[in-house]
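Student: You'll find work02.tsv just under this line, and it carries TSV, C-alpha atoms.
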```
chain	number	residue	atom	x	y	z
A	1	MET	CA	103.35	75.43	53.91
A	2	THR	CA	100.75	73.27	55.68
A	3	THR	CA	98.96	72.70	52.35
A	4	ASN	CA	102.15	71.39	50.75
A	5	LEU	CA	103.04	69.23	53.76
A	6	THR	CA	99.64	67.52	53.77
A	7	LYS	CA	99.09	67.11	50.05
A	8	PRO	CA	98.02	63.58	49.01
A	9	MET	CA	100.59	60.83	49.42
A	10	SER	CA	100.77	57.17	48.49
A	11	LYS	CA	100.08	54.42	51.02
A	12	LYS	CA	103.73	53.35	50.70
A	13	LEU	CA	104.96	56.80	51.68
A	14	LEU	CA	102.50	56.96	54.60
A	15	PHE	CA	103.71	53.55	55.79
A	16	ALA	CA	107.33	54.73	55.50
A	17	ILE	CA	106.52	57.84	57.55
A	18	ILE	CA	104.92	55.75	60.28
A	19	LEU	CA	107.90	53.37	60.22
A	20	VAL	CA	110.49	56.13	60.61
A	21	THR	CA	108.53	57.80	63.43
A	22	VAL	CA	106.73	55.21	65.54
A	23	GLY	CA	109.22	52.49	64.53
A	24	ALA	CA	112.15	54.62	65.66
A	25	GLU	CA	110.46	55.20	69.05
A	26	LEU	CA	110.03	51.46	69.55
A	27	LEU	CA	113.62	50.64	68.56
A	28	LEU	CA	115.00	53.34	70.85
A	29	TYR	CA	113.09	51.88	73.78
A	30	LEU	CA	114.24	48.34	72.99
A	31	ALA	CA	117.85	49.55	72.64
A	32	ARG	CA	118.16	49.54	76.45
A	33	TYR	CA	117.74	45.74	76.31
A	34	SER	CA	119.10	44.77	72.89
A	35	THR	CA	122.16	45.75	70.85
A	36	MET	CA	120.33	44.42	67.80
A	37	ALA	CA	117.59	47.03	68.32
A	38	SER	CA	120.28	49.71	68.42
A	39	THR	CA	121.74	48.40	65.16
A	40	LEU	CA	118.29	48.35	63.56
A	41	TYR	CA	117.76	51.93	64.69
A	42	ASP	CA	120.97	52.95	62.89
A	43	ALA	CA	119.76	51.11	59.79
A	44	LEU	CA	116.42	52.90	60.00
A	45	MET	CA	118.17	56.27	60.22
A	46	VAL	CA	120.20	55.43	57.09
A	47	SER	CA	117.07	54.39	55.19
A	48	SER	CA	115.27	57.55	56.35
A	49	PHE	CA	117.44	59.49	53.88
A	50	PHE	CA	115.27	58.13	51.06
A	51	ILE	CA	112.09	59.12	52.92
A	52	GLY	CA	113.53	62.60	53.36
A	53	TRP	CA	114.18	62.72	49.62
A	54	ARG	CA	110.46	62.19	49.07
A	55	LEU	CA	109.42	64.76	51.69
A	56	TYR	CA	111.86	67.67	51.47
A	57	ARG	CA	110.14	69.30	48.48
A	58	ARG	CA	106.95	69.69	50.54
A	59	LEU	CA	108.64	72.38	52.65
A	60	GLY	CA	108.77	74.77	49.71
A	61	SER	CA	106.25	75.94	47.14
A	62	PRO	CA	106.29	76.19	43.33
A	63	GLN	CA	106.39	80.00	43.61
A	64	ASP	CA	109.67	80.01	45.53
A	65	LYS	CA	112.67	81.20	43.54
A	66	PRO	CA	115.54	78.70	43.39
A	67	LYS	CA	118.34	79.79	45.74
A	68	THR	CA	121.88	80.28	44.54
A	69	LYS	CA	124.75	78.33	46.08
A	70	ARG	CA	125.79	81.44	48.00
A	71	GLN	CA	122.28	81.88	49.41
A	72	LEU	CA	122.14	78.23	50.45
A	73	SER	CA	125.54	78.58	52.09
A	74	LEU	CA	124.29	81.67	53.94
A	75	GLN	CA	121.27	79.71	55.11
A	76	PHE	CA	123.53	77.01	56.51
A	77	THR	CA	126.03	79.34	58.21
A	78	GLY	CA	123.23	81.48	59.67
A	79	ALA	CA	121.32	78.42	60.91
A	80	PHE	CA	124.46	76.90	62.47
A	81	LEU	CA	125.32	80.12	64.31
A	82	ILE	CA	121.75	80.46	65.57
A	83	PHE	CA	121.80	76.89	66.86
A	84	VAL	CA	125.17	77.30	68.60
A	85	LEU	CA	123.95	80.47	70.31
A	86	GLY	CA	120.60	78.90	71.24
A	87	SER	CA	122.14	75.66	72.50
A	88	THR	CA	124.57	77.64	74.66
A	89	VAL	CA	121.65	79.42	76.31
A	90	ILE	CA	119.84	76.08	76.78
A	91	ASN	CA	122.94	74.47	78.33
A	92	ILE	CA	123.37	77.38	80.78
A	93	TYR	CA	119.68	77.18	81.67
A	94	SER	CA	119.83	73.40	82.24
A	95	THR	CA	122.98	73.70	84.34
A	96	TYR	CA	121.26	75.96	86.86
A	97	VAL	CA	117.70	74.60	86.76
A	98	PHE	CA	118.34	70.84	86.43
A	99	GLN	CA	121.40	70.29	88.61
A	100	ASP	CA	120.99	66.49	88.83
A	101	PHE	CA	120.77	66.16	85.05
A	102	SER	CA	123.75	68.49	84.57
A	103	ASP	CA	125.92	66.56	87.04
A	104	ASP	CA	124.89	63.21	85.57
A	105	TYR	CA	125.58	64.40	82.03
A	106	ASP	CA	128.99	65.81	82.97
A	107	GLN	CA	129.86	62.49	84.61
A	108	TYR	CA	128.68	60.58	81.54
A	109	VAL	CA	130.92	62.68	79.31
A	110	GLN	CA	133.88	62.22	81.66
A	111	ASP	CA	133.38	58.44	81.94
A	112	TYR	CA	133.01	58.05	78.19
A	113	ALA	CA	136.06	60.21	77.59
A	114	ASP	CA	138.05	57.95	79.92
A	115	ILE	CA	136.89	54.90	77.98
A	116	GLN	CA	137.72	56.53	74.66
A	117	ALA	CA	141.14	57.68	75.80
A	118	TYR	CA	143.85	55.97	73.78
A	119	ASP	CA	147.44	55.75	74.92
A	120	ALA	CA	149.64	54.08	72.35
A	121	GLY	CA	152.39	53.71	74.95
A	122	ASN	CA	150.31	51.16	76.84
A	123	GLU	CA	150.44	48.84	73.88
A	124	GLY	CA	154.17	48.22	74.30
A	125	PRO	CA	156.74	47.81	71.57
A	126	SER	CA	155.01	44.77	70.08
A	127	ALA	CA	151.93	46.68	68.96
A	128	GLU	CA	151.51	46.48	65.19
A	129	PRO	CA	151.17	49.88	63.46
A	130	ILE	CA	148.25	48.73	61.33
A	131	GLY	CA	146.44	47.45	64.43
A	132	THR	CA	146.85	50.69	66.32
A	133	PHE	CA	145.70	52.63	63.25
A	134	PHE	CA	142.41	50.72	63.02
A	135	GLU	CA	141.88	50.97	66.77
A	136	LYS	CA	142.06	54.75	66.43
A	137	VAL	CA	139.70	54.58	63.45
A	138	ASP	CA	137.24	52.54	65.52
A	139	LEU	CA	137.41	54.96	68.44
A	140	VAL	CA	136.97	58.15	66.44
A	141	GLY	CA	135.10	56.76	63.45
A	142	TYR	CA	132.19	55.21	65.33
A	143	ASP	CA	131.48	58.46	67.16
A	144	LEU	CA	131.57	60.46	63.94
A	145	PHE	CA	129.40	57.88	62.19
A	146	ALA	CA	126.80	58.04	64.98
A	147	ASP	CA	126.85	61.84	64.91
A	148	THR	CA	126.36	61.86	61.14
A	149	LEU	CA	123.34	59.58	61.51
A	150	ALA	CA	122.01	61.90	64.22
A	151	GLY	CA	121.59	64.55	61.53
A	152	LEU	CA	119.02	62.31	59.85
A	153	GLU	CA	116.84	62.68	62.95
A	154	GLU	CA	115.62	65.81	61.15
A	155	VAL	CA	113.96	63.49	58.61
A	156	TRP	CA	112.24	61.89	61.62
A	157	ARG	CA	111.10	65.36	62.72
A	158	LEU	CA	109.73	66.32	59.29
A	159	ALA	CA	107.99	62.95	58.96
A	160	TYR	CA	106.38	63.42	62.38
A	161	ILE	CA	105.26	66.97	61.50
A	162	VAL	CA	103.65	65.66	58.31
A	163	LEU	CA	101.99	62.81	60.22
A	164	PHE	CA	100.61	65.12	62.92
A	165	LEU	CA	99.31	67.60	60.34
A	166	VAL	CA	97.53	64.82	58.43
A	167	ILE	CA	95.87	63.73	61.71
A	168	PHE	CA	94.91	67.31	62.59
A	169	LYS	CA	93.46	67.78	59.11
A	170	LYS	CA	91.21	64.74	59.58
A	171	ILE	CA	90.11	65.56	63.14
A	172	PHE	CA	89.69	69.35	62.85
A	173	ARG	CA	88.42	69.49	59.28
A	174	ARG	CA	86.20	72.56	59.72
A	175	ARG	CA	88.92	74.70	61.31
A	176	TRP	CA	91.43	73.46	58.74
A	177	GLU	CA	89.17	74.44	55.84
A	178	SER	CA	88.77	77.91	57.36
A	179	GLY	CA	92.44	78.51	56.52
A	180	ARG	CA	93.67	78.93	60.09
A	181	THR	CA	96.29	76.20	59.91
A	182	ASP	CA	99.33	77.89	61.47
A	183	ILE	CA	98.21	76.77	64.92
A	184	PHE	CA	98.37	73.14	63.76
A	185	LEU	CA	101.91	73.64	62.46
A	186	MET	CA	102.98	75.12	65.81
A	187	ALA	CA	101.28	72.27	67.66
A	188	ALA	CA	103.11	69.71	65.49
A	189	LEU	CA	106.40	71.51	66.13
A	190	PHE	CA	105.76	71.50	69.89
A	191	LEU	CA	104.80	67.81	69.96
A	192	THR	CA	107.84	66.73	67.94
A	193	SER	CA	110.07	68.74	70.29
A	194	ILE	CA	108.61	66.97	73.35
A	195	LEU	CA	109.05	63.59	71.64
A	196	PHE	CA	112.64	64.52	70.76
A	197	GLY	CA	113.28	65.15	74.45
A	198	ILE	CA	111.58	61.92	75.53
A	199	ASP	CA	113.49	59.90	72.94
A	200	HIS	CA	116.77	60.84	74.61
A	201	THR	CA	115.63	58.99	77.74
A	202	LEU	CA	114.15	55.84	76.16
A	203	ASP	CA	117.38	53.84	75.95
A	204	ALA	CA	118.42	54.40	79.58
A	205	GLU	CA	116.86	53.87	83.00
A	206	GLN	CA	117.41	56.98	85.11
A	207	PRO	CA	115.84	58.63	88.17
A	208	TRP	CA	113.09	61.10	87.35
A	209	SER	CA	115.18	64.00	88.68
A	210	ILE	CA	117.63	63.30	85.86
A	211	LYS	CA	115.03	62.21	83.31
A	212	ILE	CA	112.97	65.41	83.58
A	213	GLY	CA	116.08	67.54	83.06
A	214	SER	CA	117.01	65.45	80.05
A	215	ILE	CA	113.54	65.71	78.50
A	216	VAL	CA	113.29	69.49	78.96
A	217	SER	CA	116.85	70.18	77.79
A	218	PHE	CA	116.66	68.04	74.67
A	219	ALA	CA	113.09	69.19	73.93
A	220	ASN	CA	114.41	72.76	73.84
A	221	MET	CA	117.17	71.63	71.48
A	222	GLY	CA	114.54	69.88	69.34
A	223	LEU	CA	112.41	73.03	69.27
A	224	LEU	CA	115.43	74.98	68.06
A	225	PHE	CA	116.06	72.47	65.26
A	226	GLY	CA	112.38	72.59	64.34
A	227	VAL	CA	112.39	76.38	64.12
A	228	ILE	CA	115.47	76.20	61.88
A	229	LEU	CA	113.72	73.62	59.68
A	230	LEU	CA	110.65	75.82	59.23
A	231	TRP	CA	112.70	79.01	58.84
A	232	THR	CA	115.04	77.67	56.16
A	233	ARG	CA	112.37	75.42	54.60
A	234	ASN	CA	115.34	73.24	53.75
A	235	LEU	CA	115.55	69.75	55.22
A	236	TRP	CA	119.14	69.11	54.15
A	237	VAL	CA	120.47	72.37	55.62
A	238	THR	CA	118.90	71.36	58.95
A	239	VAL	CA	120.31	67.82	58.67
A	240	LEU	CA	123.77	69.28	58.04
A	241	VAL	CA	123.52	71.70	60.98
A	242	HIS	CA	122.44	68.86	63.31
A	243	ALA	CA	125.15	66.47	62.15
A	244	LEU	CA	128.00	69.02	62.22
A	245	TYR	CA	126.99	70.33	65.64
A	246	ASP	CA	126.97	66.79	67.06
A	247	ILE	CA	130.31	66.01	65.40
A	248	THR	CA	132.00	69.15	66.75
A	249	ALA	CA	130.46	68.57	70.20
A	250	THR	CA	131.90	65.03	70.24
A	251	LEU	CA	135.30	66.32	69.12
A	252	SER	CA	135.12	68.97	71.84
A	253	TRP	CA	134.26	66.44	74.57
A	254	TYR	CA	136.78	63.74	73.74
A	255	TYR	CA	139.43	64.84	71.27
A	256	VAL	CA	139.83	68.58	70.54
A	257	GLU	CA	139.06	71.09	73.28
A	258	TYR	CA	136.72	73.94	72.24
A	259	ALA	CA	136.04	72.31	68.84
A	260	VAL	CA	132.48	73.73	68.79
A	261	GLU	CA	133.63	77.26	69.55
A	262	LEU	CA	136.48	77.12	67.02
A	263	PHE	CA	134.23	75.74	64.29
A	264	ALA	CA	131.53	78.32	65.09
A	265	LEU	CA	134.15	81.09	64.85
A	266	ALA	CA	135.22	79.81	61.43
A	267	ILE	CA	131.57	79.64	60.36
A	268	LEU	CA	131.05	83.22	61.57
A	269	VAL	CA	133.94	84.45	59.42
A	270	VAL	CA	132.58	82.58	56.39
A	271	HIS	CA	129.09	83.92	57.08
A	272	LEU	CA	130.30	87.53	57.19
A	273	ILE	CA	132.24	87.09	53.93
A	274	LEU	CA	129.26	85.47	52.18
A	275	PHE	CA	126.88	88.10	53.57
A	276	THR	CA	129.10	90.91	52.25
A	277	LEU	CA	129.38	89.28	48.82
A	278	GLU	CA	125.62	88.74	48.66
A	279	LYS	CA	124.91	92.37	49.57
A	280	MET	CA	127.35	93.56	46.90
A	281	HIS	CA	125.66	91.26	44.38
A	282	GLN	CA	122.20	92.57	45.30
A	283	ARG	CA	123.35	96.19	44.97
A	284	ARG	CA	124.88	95.38	41.57
A	285	LEU	CA	121.60	93.82	40.41
A	286	LYS	CA	119.67	96.84	41.69
A	287	ARG	CA	121.90	99.24	39.74
A	288	GLN	CA	121.49	97.16	36.59
A	289	MET	CA	117.71	97.19	36.99
A	290	GLU	CA	117.73	100.96	37.49
A	291	LYS	CA	119.80	101.40	34.29
A	292	VAL	CA	117.36	99.22	32.35
A	293	GLU	CA	114.40	101.22	33.67
A	294	LEU	CA	116.10	104.51	32.70
A	295	ILE	CA	116.77	103.24	29.18
A	296	GLN	CA	113.18	102.03	28.83
A	297	ALA	CA	111.88	105.37	30.10
A	298	ALA	CA	114.09	107.28	27.60
A	299	GLU	CA	112.77	105.20	24.74
```
What does the file become when written as structure tokens?
Tutor:
Amino acid sequence: MTTNLTKPMSKKLLFAIILVTVGAELLLYLARYSTMASTLYDALMVSSFFIGWRLYRRLGSPQDKPKTKRQLSLQFTGAFLIFVLGSTVINIYSTYVFQDFSDDYDQYVQDYADIQAYDAGNEGPSAEPIGTFFEKVDLVGYDLFADTLAGLEEVWRLAYIVLFLVIFKKIFRRRWESGRTDIFLMAALFLTSILFGIDHTLDAEQPWSIKIGSIVSFANMGLLFGVILLWTRNLWVTVLVHALYDITATLSWYYVEYAVELFALAILVVHLILFTLEKMHQRRLKRQMEKVELIQAAE
């Protein structure tokens, strides 16, 4: 995989990778002072889709067999369930180990939920239906839009992994040429996870007791996403898992209680059905191959 990830690239692609990694860090930091920086960050996340389109093929290899739609669906459902389980463990860990961060985060969710709360009765009888409709769209739609863009942070992660590997290849050329490159991939995964945690503190000024909890908690989440990315070798599956988890988490916090758990339960049912169908298909193929071999042996 490391060979594919570091194969030669154009100067334009290298510049784009640096822009979506280092540029995103800078915009996130400036977002604490400027709403324009926040808007530019959103624009950068949207444009990162095209960078991901150039990079996602590097995760695979020419020898890999194309996956069927059912196999891709199984990858997604399995990855989503793994992330939900892993994030639950991380949240429990953070609650007990980083009490200040946990309390601050709970208060943030509660305050934001109070802001987002919409009571049509407060508008009085003069409220226009079309106006109330678009107010609801603004309240729910912006959150869902932001969560969808959050999925494209996985393009940021892949771009950073590629960038780190290119740097490692230049600095540690002798060890790289020896073929022992897995350690560099793990180092890149670790570094991107730490940066993912740090990035969730750049746009806010907080005490270190809260900031450390935030960095560790989100770094663990980032590590989990990175493992899913390398396990599936599919950027878009990881993007989808990230986006849908954030969307269901937002729905759970502000709009629909236990949205994450309900969605995960539905995904589990779908996963079991797909897994059963795939096993039946594999057994059918095996029987067909055995019949062909028997016929060839008889001839």
Student: To one decimal in Å, tell me the separation between CA of Thr148 (chain A) and CA of Lys65 (chain A).
Tutor: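 Distance reported for this atom pair: 29.5 Å.
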Student: Quick one: residues within 9 Å of (113.0, 53.6, 70.2) (file frame), counting only C-alpha atoms, please, as a list of chain:residue names.
Tutor: A:Val22, A:Gly23, A:Ala24, A:Glu25, A:Leu26, A:Leu27, A:Leu28, A:Tyr29, A:Leu30, A:Ala31, A:Ala37, A:Ser38, A:Tyr41, A:Asp199, A:Leu202, A:Asp203
Student: Distance CA of Leu165 (chain A)-CA of Ile198 (chain A), one decimal place?
Tutor: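 Taking CA of Leu165 (chain A) and CA of Ile198 (chain A), their separation equals 20.3 Å.
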Student: Write out as a PDB file with C-alpha atoms, in the coordinates of the input the residues lying within 8 Å of Asn220 (chain A), counting all atoms listed in the file and excluding same-chain residues fewer than 6 positions away.
Tutor:
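The new file around.pdb reads:
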```pdb
ATOM      1  CA  ILE A  90     119.840  76.080  76.780  1.00  0.00           C
ATOM      2  CA  SER A 193     110.070  68.740  70.290  1.00  0.00           C
ATOM      3  CA  GLY A 197     113.280  65.150  74.450  1.00  0.00           C
TER       4      GLY A 197
END
```
Student: Which value, in Å to one decimal, gives the distance between CA of Phe218 (chain A) and CA of His200 (chain A)?
Tutor: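 We find that CA of Phe218 (chain A) and CA of His200 (chain A) lie 7.2 Å from each other.
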Student: Find the residues near Ala150 (chain A): any atom within 9 Å, counting only C-alpha atoms, skip ones fewer than 6 places away on the same chain, and give them as a list of chain:residue names.
Tutor: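 Using only C-alpha atoms, the neighbours found are A:Met45, A:Val239, A:His242, A:Ala243, A:Asp246.
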Student: Between A:Arg284, A:Thr95, A:Phe15, A:Val241, which is the closest to Phe263 (chain A) once you count only C-alpha atoms?
Tutor: A:Val241
Student: Set the distance at 12 Å and use all atoms listed in the file: which residues neighbour Gly60 (chain A) once local chain neighbours fewer than 5 positions away are removed? I'd like the list as a PyMOL selection string.
Tutor: chain A and resi 1-5+55+65-67+229-235
Student: Could you save those same residues with C-alpha atoms as a PDB file, in the frame of the given file?
Tutor:
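Produced file part_39.pdb, reproduced below:
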```pdb
ATOM      1  CA  MET A   1     103.350  75.430  53.910  1.00  0.00           C
ATOM      2  CA  THR A   2     100.750  73.270  55.680  1.00  0.00           C
ATOM      3  CA  THR A   3      98.960  72.700  52.350  1.00  0.00           C
ATOM      4  CA  ASN A   4     102.150  71.390  50.750  1.00  0.00           C
ATOM      5  CA  LEU A   5     103.040  69.230  53.760  1.00  0.00           C
ATOM      6  CA  LEU A  55     109.420  64.760  51.690  1.00  0.00           C
ATOM      7  CA  LYS A  65     112.670  81.200  43.540  1.00  0.00           C
ATOM      8  CA  PRO A  66     115.540  78.700  43.390  1.00  0.00           C
ATOM      9  CA  LYS A  67     118.340  79.790  45.740  1.00  0.00           C
ATOM     10  CA  LEU A 229     113.720  73.620  59.680  1.00  0.00           C
ATOM     11  CA  LEU A 230     110.650  75.820  59.230  1.00  0.00           C
ATOM     12  CA  TRP A 231     112.700  79.010  58.840  1.00  0.00           C
ATOM     13  CA  THR A 232     115.040  77.670  56.160  1.00  0.00           C
ATOM     14  CA  ARG A 233     112.370  75.420  54.600  1.00  0.00           C
ATOM     15  CA  ASN A 234     115.340  73.240  53.750  1.00  0.00           C
ATOM     16  CA  LEU A 235     115.550  69.750  55.220  1.00  0.00           C
TER      17      LEU A 235
END
```
Student: Using all atoms listed in the file, determine which residues lie at most 9 Å from Phe83 (chain A), disregarding the query and same-chain residues fewer than 3 positions distant; provide the list as a list in words.
Tutor: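 Within the cut-off, the hits are Gly78, Ala79, Phe80, Gly86, Ser87, Thr88, Met221, Leu224, Phe225, Ile228, Val241, His242 and Tyr245 of chain A.
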Student: Considering all atoms listed in the file, can you say which of A:Leu19, A:Val155, A:Gly222, A:Gly179 comes closest to Trp53 (chain A)?
Tutor: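 Distance minimum relative to Trp53 (chain A) lands on A:Val155.
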Student: Within 10 Å of Thr248 (chain A), counting only C-alpha atoms, which residues show up once you throw out same-chain ones fewer than 6 positions away? Write them as a ChimeraX atom specification, please.
Tutor: /A:144,147,255-264
Student: Here is a test: counting only C-alpha atoms, which residue of A:Leu13, A:Leu81, A:Val216, A:Ala43 is nearest to His271 (chain A)?
Tutor: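 Selected residue with least distance to His271 (chain A): A:Leu81.
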Student: For Trp236 (chain A), which of A:Leu40, A:Leu185, A:Leu152, A:Ala146 is the closest residue, counting all atoms listed in the file?
Tutor: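 Selected residue with least distance to Trp236 (chain A): A:Leu152.
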Student: Report, as lines of an AutoDock Vina configuration file, the axis-aligned box around all atoms of region 26-33 of chain A present in the file, extended by 6 Å on each side; give centre and edge lengths in Å to one decimal place.
Tutor:
```
center_x = 114.1
center_y = 49.5
center_z = 72.5
size_x = 20.1
size_y = 19.6
size_z = 19.9
```
